[in-house]
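Report on the following structure.
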Amino acid sequence: MTPASPLPSPGAARLPRAARTAALLLALGAAALPAHAQQGTSAPASVSTRAGDAAASALARRIEAVVDRAPFDRAHWGIAVWDPSTGEPIYRRDADRHFVPASNLKLVVSAAAAHLLGPDFRYRTTVYAGGPVQGGELRGDVVLFGRGDPTISGRYFASATAVLDSLADALYRRGVRRVAGVTADESHFDATHLREDWERYDLLWWYAAPVGALGFNDNSIDFRVEPGAQPGEAARVTGSPPSAFWQLENRARTVARGRPQTLDFERVPGTNRILAYGEIPRGAAASTEYVAVVDPARVVGTVFREALERRGIRVDRAEVRVVSDPAQSRAAGAPVLAEHVSPPLPQVIGPILGSSQNWFAELLVKTLGREMKGEGSWSAGLAVEREFLEQVVGIDSVAFVLRDGSGLSSGNLVTPEMLVKLLAWARTAPRGALLRDALPVSGRSGSLKSRLVDLPGRVAAKTGYIGNVDSLSGYATLADGRVVVFSVIANASGLPSSRMKGAIDDVVRAIASYGR
């Protein structure tokens, strides 16, 4: 769906990126749904409430007043509301049917990691000596060995390069003044960096960044965009972190106030050469776009080489070597020169659930595969998730289809009841707090900070969105202090996500009023 090549000409007529993204995501969502959903028809909904419960009947009426009114009645709704104190459903609407969950799928990898890895789990990134150190000279390469740490960024440290600078400082303190070169070893995970069913358009952006054992700065380049001083001048586009691993060709121009903003980005396929093109009106506010990198191990190795050189360590060979095959890795048994240890697991799960960071979720899938099965791959990690859901939580395998960890793939399928069972498990599981404490909270934090502000602190839930998919699953505190578990998923609406979020929030308001 993305233009493959060549790069568009400066004068090519293009929609603004936000508009193209919405259109592409809508197409993606529609393509994943059954034929009757794409045609706008709907099968009869299967609805049930807790027998003999007048409050449940009232809840059903409130929910159906939202989802059965136009235009929301054209969407496919899956809703499950449970009373965790009894383990019984309060309200079900197609709760055992498959739906595309979008980012609600992140609940699975977060729960599995919390249970299997525990709160003290940390990543290690190690610098090994590829030869003897004599008289300040390393007679070989420094080997930067990654194990999938997603926290090497300005999100956790003073700058995007702070961790790599610190490792360079450690080498300098050990007396190293010259090295033959830098080897970037990503063999702890497999070398499949992208899912085959992610859309090509998405691969340009941070939310579909490549997933390998070595990465930093969310595997993205941060481009700050603002207009020039006068119409006709080049737009101001500056990338961070500054490094030789990327190159920018800026064809974007400043135009008069009031003109539409069409500034956009493209990449020369297979490279980190980026083109900025289009127009930005004078007076437009500055913004930042996050463009995913390619060849992430080489990127990190390049930035590490630059950190060594800044610190005064000579690097004889400019080209970074990349090791992806474990059989070619020389890290095992090599002397350790320096090591960085990440923050603990709760600080990794935090961005996954709080701000819906896809890259963190995918790295955590591969981490589960490596830690539990000795293979840092999607296939191994997803197998660990399936076993966790079936054997630990007690969910039947027919209730889900897992394609990735983030929910970006439209091939993921879950039932609302499956998500409710998972959330109910997390309420009482010894390590379930790692998931619960990371959820966005209505009117207060994360992706719910500006939603359900009339229920401040009473809803803790994971949001989700891709084209034609909107979801929200979590916990709602009732007026009397009791907690219910819910999952609300809407597919095939054909409506803007902003409208669907409003309808979902109305459903959750109805849930929060249960018993009144």
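In the structure tokens, the first chain shown is A, the next is B, and so on; residue numbers restart at 1 for each chain, and ligands run from 1 in the order shown.
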**Request:** Within 7 Å of segment 499-515 of chain A, counting only C-alpha atoms, which residues show up once you throw out same-chain ones fewer than 2 positions away? Write them as a count of residues only, please.
**Result:** 14
Taking 6 positions as the minimum chain separation for residues in the same chain, which residues sit within 9 Å of segment 157-161 of chain A when counting only C-alpha atoms? Answer as a compact mmCIF listing (two decimals) with all heavy atoms, in the first residue's frame.
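Below is the file out_21.txt, written as the result:
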# COMPACT_ATOMS: atom_id res chain seq x y z
N THR A 151 14.78 -0.13 26.39
CA THR A 151 14.85 1.09 27.19
C THR A 151 16.04 1.97 26.86
O THR A 151 16.26 2.98 27.52
CB THR A 151 14.89 0.75 28.70
OG1 THR A 151 16.18 0.18 29.04
CG2 THR A 151 13.77 -0.20 29.08
N PHE A 216 17.73 1.01 19.62
CA PHE A 216 17.73 2.15 20.55
C PHE A 216 16.82 3.23 20.00
O PHE A 216 16.45 3.22 18.83
CB PHE A 216 19.16 2.65 20.79
CG PHE A 216 19.61 3.77 19.87
CD1 PHE A 216 19.95 5.00 20.39
CD2 PHE A 216 19.69 3.58 18.50
CE1 PHE A 216 20.37 6.03 19.56
CE2 PHE A 216 20.11 4.59 17.67
CZ PHE A 216 20.45 5.83 18.20
N ASN A 217 16.44 4.13 20.88
CA ASN A 217 15.58 5.26 20.52
C ASN A 217 14.33 4.80 19.78
O ASN A 217 13.88 5.41 18.82
CB ASN A 217 16.35 6.28 19.66
CG ASN A 217 15.63 7.62 19.58
OD1 ASN A 217 15.21 8.16 20.59
ND2 ASN A 217 15.49 8.15 18.38
N SER A 240 17.02 13.73 14.86
CA SER A 240 17.72 13.36 16.09
C SER A 240 17.55 11.87 16.32
O SER A 240 16.47 11.31 16.06
CB SER A 240 17.14 14.16 17.26
OG SER A 240 17.75 13.77 18.48
N PRO A 241 18.60 11.19 16.83
CA PRO A 241 19.92 11.71 17.20
C PRO A 241 20.76 11.97 15.95
O PRO A 241 20.65 11.22 14.97
CB PRO A 241 20.51 10.59 18.05
CG PRO A 241 19.88 9.36 17.53
CD PRO A 241 18.48 9.74 17.15
N VAL A 303 26.16 4.22 15.86
CA VAL A 303 26.06 5.21 16.93
C VAL A 303 27.06 4.90 18.04
O VAL A 303 27.66 5.80 18.64
CB VAL A 303 24.62 5.26 17.48
CG1 VAL A 303 24.53 6.23 18.65
CG2 VAL A 303 23.65 5.69 16.37
N PHE A 304 27.30 3.60 18.32
CA PHE A 304 28.29 3.23 19.33
C PHE A 304 29.70 3.59 18.86
O PHE A 304 30.52 4.08 19.64
CB PHE A 304 28.19 1.75 19.63
CG PHE A 304 29.12 1.28 20.72
CD1 PHE A 304 29.18 1.95 21.94
CD2 PHE A 304 29.94 0.18 20.54
CE1 PHE A 304 30.02 1.52 22.95
CE2 PHE A 304 30.79 -0.26 21.53
CZ PHE A 304 30.83 0.42 22.74
N ALA A 307 30.13 7.14 19.45
CA ALA A 307 30.32 7.41 20.87
C ALA A 307 31.75 7.12 21.29
O ALA A 307 32.35 7.87 22.08
CB ALA A 307 29.35 6.56 21.70
**Request:** Counting only C-alpha atoms, figure out which residue out of A:Gln247, A:Ser355, A:Thr367, A:Thr126 gets nearest to Val268 of chain A.
**Result:**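 The shortest atom-to-atom distance to Val268 of chain A comes from A:Gln247.
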Within 12 Å of segment 170-187 of chain A, which residues of segment 327-426 of chain A show up? Give each one with its shortest atom-to-atom distance in Å (one decimal) and the two atoms involved, counting only C-alpha atoms, rows by chain then rising residue number, as a tab-separated table.
residue	atom	partner	partner_atom	distance
A:Ala327	CA	A:Ser187	CA	8.6
A:Gln328	CA	A:Ser187	CA	8.5
A:Ser329	CA	A:Ser187	CA	6.9
A:Arg330	CA	A:Asp185	CA	8.9
A:Ala331	CA	A:Asp185	CA	8.2
A:Ala332	CA	A:Asp185	CA	11.3
A:Val336	CA	A:Leu171	CA	10.2
A:Leu337	CA	A:Leu171	CA	6.4
A:Ala338	CA	A:Ala170	CA	6.0
A:Glu339	CA	A:Ala170	CA	8.6
A:His340	CA	A:Ala170	CA	10.0
A:Arg370	CA	A:Ser187	CA	11.1
A:Gly374	CA	A:Ser187	CA	11.9
A:Glu375	CA	A:Ser187	CA	10.1
A:Gly376	CA	A:Ser187	CA	8.8
A:Ser377	CA	A:Ser187	CA	10.9
**Message:** Using DSSP assignments from the backbone, pull out every residue in segment 305-503 of chain A that falls under alpha helix (DSSP H) and give it to me as a ChimeraX atom specification.
**Reply:** /A:305-310,346-354,358-373,378-387,416-428,433-436,497-503
**Message:** Which residues are close to Ala276 of chain A, i.e. within 10 Å by only C-alpha atoms, leaving aside same-chain residues fewer than 2 positions away? Reply as a PyMOL selection string.
**Reply:** chain A and resi 10+223+225+235+237+248-253+263-267+274+278-279
Just all heavy atoms for this one: save the residues we selected as a compact mmCIF listing (two decimals), in the first residue's frame.
# COMPACT_ATOMS: atom_id res chain seq x y z
N PRO A 10 9.03 16.36 -6.06
CA PRO A 10 8.65 17.40 -5.12
C PRO A 10 7.26 17.95 -5.37
O PRO A 10 6.57 18.34 -4.44
CB PRO A 10 9.72 18.48 -5.34
CG PRO A 10 10.87 17.76 -5.98
CD PRO A 10 10.27 16.64 -6.76
N PHE A 223 12.22 13.44 13.66
CA PHE A 223 12.35 14.60 12.78
C PHE A 223 11.44 15.73 13.28
O PHE A 223 10.21 15.60 13.25
CB PHE A 223 11.98 14.24 11.34
CG PHE A 223 13.04 13.44 10.63
CD1 PHE A 223 12.84 12.08 10.36
CD2 PHE A 223 14.23 14.02 10.25
CE1 PHE A 223 13.80 11.34 9.71
CE2 PHE A 223 15.21 13.27 9.60
CZ PHE A 223 15.00 11.94 9.34
N VAL A 225 9.81 19.24 12.69
CA VAL A 225 9.38 19.93 11.47
C VAL A 225 8.79 21.28 11.86
O VAL A 225 7.93 21.36 12.74
CB VAL A 225 8.33 19.09 10.72
CG1 VAL A 225 7.78 19.86 9.53
CG2 VAL A 225 8.91 17.76 10.30
N ALA A 235 11.51 24.29 4.35
CA ALA A 235 11.03 23.99 5.70
C ALA A 235 12.23 23.60 6.57
O ALA A 235 13.26 23.13 6.07
CB ALA A 235 10.02 22.86 5.66
N VAL A 237 13.72 21.07 8.87
CA VAL A 237 13.56 19.67 9.25
C VAL A 237 14.89 19.21 9.85
O VAL A 237 15.90 19.18 9.16
CB VAL A 237 13.20 18.78 8.04
CG1 VAL A 237 12.96 17.35 8.48
CG2 VAL A 237 11.96 19.33 7.32
N LEU A 248 19.26 12.88 5.21
CA LEU A 248 18.00 13.56 4.91
C LEU A 248 18.15 14.40 3.66
O LEU A 248 19.11 15.18 3.53
CB LEU A 248 17.58 14.45 6.07
CG LEU A 248 16.35 15.35 5.80
CD1 LEU A 248 15.09 14.51 5.67
CD2 LEU A 248 16.20 16.40 6.91
N GLU A 249 17.22 14.26 2.74
CA GLU A 249 17.09 15.18 1.61
C GLU A 249 15.82 15.99 1.83
O GLU A 249 14.71 15.44 1.80
CB GLU A 249 17.02 14.41 0.29
CG GLU A 249 16.93 15.34 -0.92
CD GLU A 249 16.87 14.58 -2.23
OE1 GLU A 249 17.10 13.36 -2.23
OE2 GLU A 249 16.57 15.21 -3.28
N ASN A 250 15.98 17.27 2.04
CA ASN A 250 14.85 18.13 2.41
C ASN A 250 14.36 18.90 1.18
O ASN A 250 14.99 19.86 0.75
CB ASN A 250 15.26 19.10 3.52
CG ASN A 250 14.10 19.99 3.96
OD1 ASN A 250 12.95 19.73 3.62
ND2 ASN A 250 14.41 21.03 4.71
N ARG A 251 13.24 18.46 0.63
CA ARG A 251 12.61 19.18 -0.48
C ARG A 251 11.36 19.93 -0.03
O ARG A 251 10.63 20.48 -0.85
CB ARG A 251 12.22 18.19 -1.58
CG ARG A 251 13.36 17.40 -2.17
CD ARG A 251 12.82 16.49 -3.28
NE ARG A 251 13.80 15.52 -3.74
CZ ARG A 251 13.52 14.55 -4.59
NH1 ARG A 251 12.28 14.43 -5.07
NH2 ARG A 251 14.45 13.70 -4.96
N ALA A 252 11.07 19.92 1.23
CA ALA A 252 9.85 20.56 1.75
C ALA A 252 10.00 22.07 1.74
O ALA A 252 11.07 22.61 2.08
CB ALA A 252 9.56 20.06 3.15
N ARG A 253 8.91 22.75 1.39
CA ARG A 253 8.95 24.22 1.27
C ARG A 253 7.94 24.87 2.20
O ARG A 253 6.91 24.30 2.54
CB ARG A 253 8.63 24.64 -0.18
CG ARG A 253 9.39 23.91 -1.26
CD ARG A 253 10.89 24.07 -1.12
NE ARG A 253 11.31 25.45 -1.28
CZ ARG A 253 12.58 25.86 -1.13
NH1 ARG A 253 13.51 24.98 -0.76
NH2 ARG A 253 12.90 27.13 -1.32
N LEU A 263 3.33 18.42 4.11
CA LEU A 263 4.69 17.91 4.34
C LEU A 263 4.63 16.45 4.77
O LEU A 263 3.83 16.07 5.63
CB LEU A 263 5.40 18.75 5.40
CG LEU A 263 6.91 18.53 5.53
CD1 LEU A 263 7.60 19.82 5.99
CD2 LEU A 263 7.26 17.40 6.49
N ASP A 264 5.47 15.64 4.17
CA ASP A 264 5.45 14.20 4.43
C ASP A 264 6.85 13.65 4.25
O ASP A 264 7.78 14.37 3.84
CB ASP A 264 4.47 13.52 3.48
CG ASP A 264 3.89 12.23 4.05
OD1 ASP A 264 4.43 11.73 5.05
OD2 ASP A 264 2.90 11.73 3.49
N PHE A 265 7.00 12.35 4.54
CA PHE A 265 8.30 11.70 4.46
C PHE A 265 8.20 10.42 3.63
O PHE A 265 7.17 9.77 3.59
CB PHE A 265 8.80 11.33 5.86
CG PHE A 265 9.19 12.51 6.71
CD1 PHE A 265 8.24 13.19 7.46
CD2 PHE A 265 10.50 12.97 6.75
CE1 PHE A 265 8.59 14.27 8.23
CE2 PHE A 265 10.86 14.05 7.52
CZ PHE A 265 9.91 14.71 8.26
N GLU A 266 9.30 10.07 3.00
CA GLU A 266 9.46 8.79 2.33
C GLU A 266 10.87 8.29 2.60
O GLU A 266 11.74 9.05 3.04
CB GLU A 266 9.22 8.90 0.82
CG GLU A 266 7.77 9.04 0.43
CD GLU A 266 6.98 7.75 0.57
OE1 GLU A 266 7.60 6.72 0.95
OE2 GLU A 266 5.78 7.76 0.31
N ARG A 267 11.09 7.00 2.33
CA ARG A 267 12.41 6.42 2.49
C ARG A 267 12.82 5.75 1.19
O ARG A 267 11.99 5.11 0.52
CB ARG A 267 12.38 5.36 3.60
CG ARG A 267 13.70 4.63 3.77
CD ARG A 267 13.57 3.33 4.52
NE ARG A 267 13.22 3.50 5.90
CZ ARG A 267 12.14 2.98 6.49
NH1 ARG A 267 11.30 2.25 5.78
NH2 ARG A 267 11.91 3.18 7.75
N ILE A 274 16.30 9.40 3.90
CA ILE A 274 14.93 9.89 4.09
C ILE A 274 14.72 11.15 3.25
O ILE A 274 15.58 12.02 3.18
CB ILE A 274 14.67 10.20 5.57
CG1 ILE A 274 15.06 9.01 6.47
CG2 ILE A 274 13.21 10.58 5.78
CD1 ILE A 274 14.33 7.73 6.18
N GLY A 278 6.85 18.21 0.20
CA GLY A 278 5.55 18.82 0.44
C GLY A 278 5.66 20.23 0.98
O GLY A 278 6.73 20.87 0.90
N GLU A 279 4.58 20.72 1.57
CA GLU A 279 4.51 22.12 1.98
C GLU A 279 4.06 22.25 3.43
O GLU A 279 3.26 21.44 3.93
CB GLU A 279 3.53 22.87 1.07
CG GLU A 279 3.93 22.87 -0.39
CD GLU A 279 2.92 23.55 -1.30
OE1 GLU A 279 1.76 23.74 -0.87
OE2 GLU A 279 3.30 23.89 -2.44
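Taking atom CA of Ser471 of chain A and atom CA of Leu382 of chain A as the two end points, the separation is 21.4 Å.
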**Message:** Would you pick out the contacts of segment 69-82 of chain A at 6 Å or less, using only C-alpha atoms, so that residues sharing its chain but fewer than 4 positions from it are not included, and give the list as a PyMOL selection string?
**Reply:** chain A and resi 88-95+416-417+484-493
Selection file, C-alpha atoms, as a PDB file, in the first residue's frame:
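Saved the output as selection-v2.pdb:
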ATOM      1  CA  GLU A  88     -20.199 -14.989  36.433  1.00  0.00           C
ATOM      2  CA  PRO A  89     -21.094 -12.894  33.408  1.00  0.00           C
ATOM      3  CA  ILE A  90     -23.348  -9.891  33.939  1.00  0.00           C
ATOM      4  CA  TYR A  91     -23.793  -8.989  30.283  1.00  0.00           C
ATOM      5  CA  ARG A  92     -22.683 -10.679  27.053  1.00  0.00           C
ATOM      6  CA  ARG A  93     -23.066  -9.544  23.462  1.00  0.00           C
ATOM      7  CA  ASP A  94     -21.355 -11.823  20.954  1.00  0.00           C
ATOM      8  CA  ALA A  95     -18.805 -12.300  23.701  1.00  0.00           C
ATOM      9  CA  PRO A 416     -14.174 -10.344  24.394  1.00  0.00           C
ATOM     10  CA  GLU A 417     -14.776 -13.111  26.917  1.00  0.00           C
ATOM     11  CA  VAL A 484     -16.413  -5.326  37.345  1.00  0.00           C
ATOM     12  CA  VAL A 485     -14.267  -6.548  34.464  1.00  0.00           C
ATOM     13  CA  PHE A 486     -15.230  -5.632  30.908  1.00  0.00           C
ATOM     14  CA  SER A 487     -14.183  -5.825  27.286  1.00  0.00           C
ATOM     15  CA  VAL A 488     -15.752  -3.736  24.520  1.00  0.00           C
ATOM     16  CA  ILE A 489     -14.616  -4.295  20.907  1.00  0.00           C
ATOM     17  CA  ALA A 490     -16.133  -2.743  17.790  1.00  0.00           C
ATOM     18  CA  ASN A 491     -15.200  -3.926  14.293  1.00  0.00           C
ATOM     19  CA  ALA A 492     -16.286  -2.802  10.822  1.00  0.00           C
ATOM     20  CA  SER A 493     -17.858   0.477  11.872  1.00  0.00           C
TER      21      SER A 493
END
**Request:** From a DSSP pass on the backbone, collect the residues of segment 246-383 of chain A flagged as strand (DSSP E or B) and hand them back as number ranges by chain.
**Result:** A: 247-250, 253-255, 264-267, 273-277, 279-281, 287-292, 314-315, 321-323, 336-341
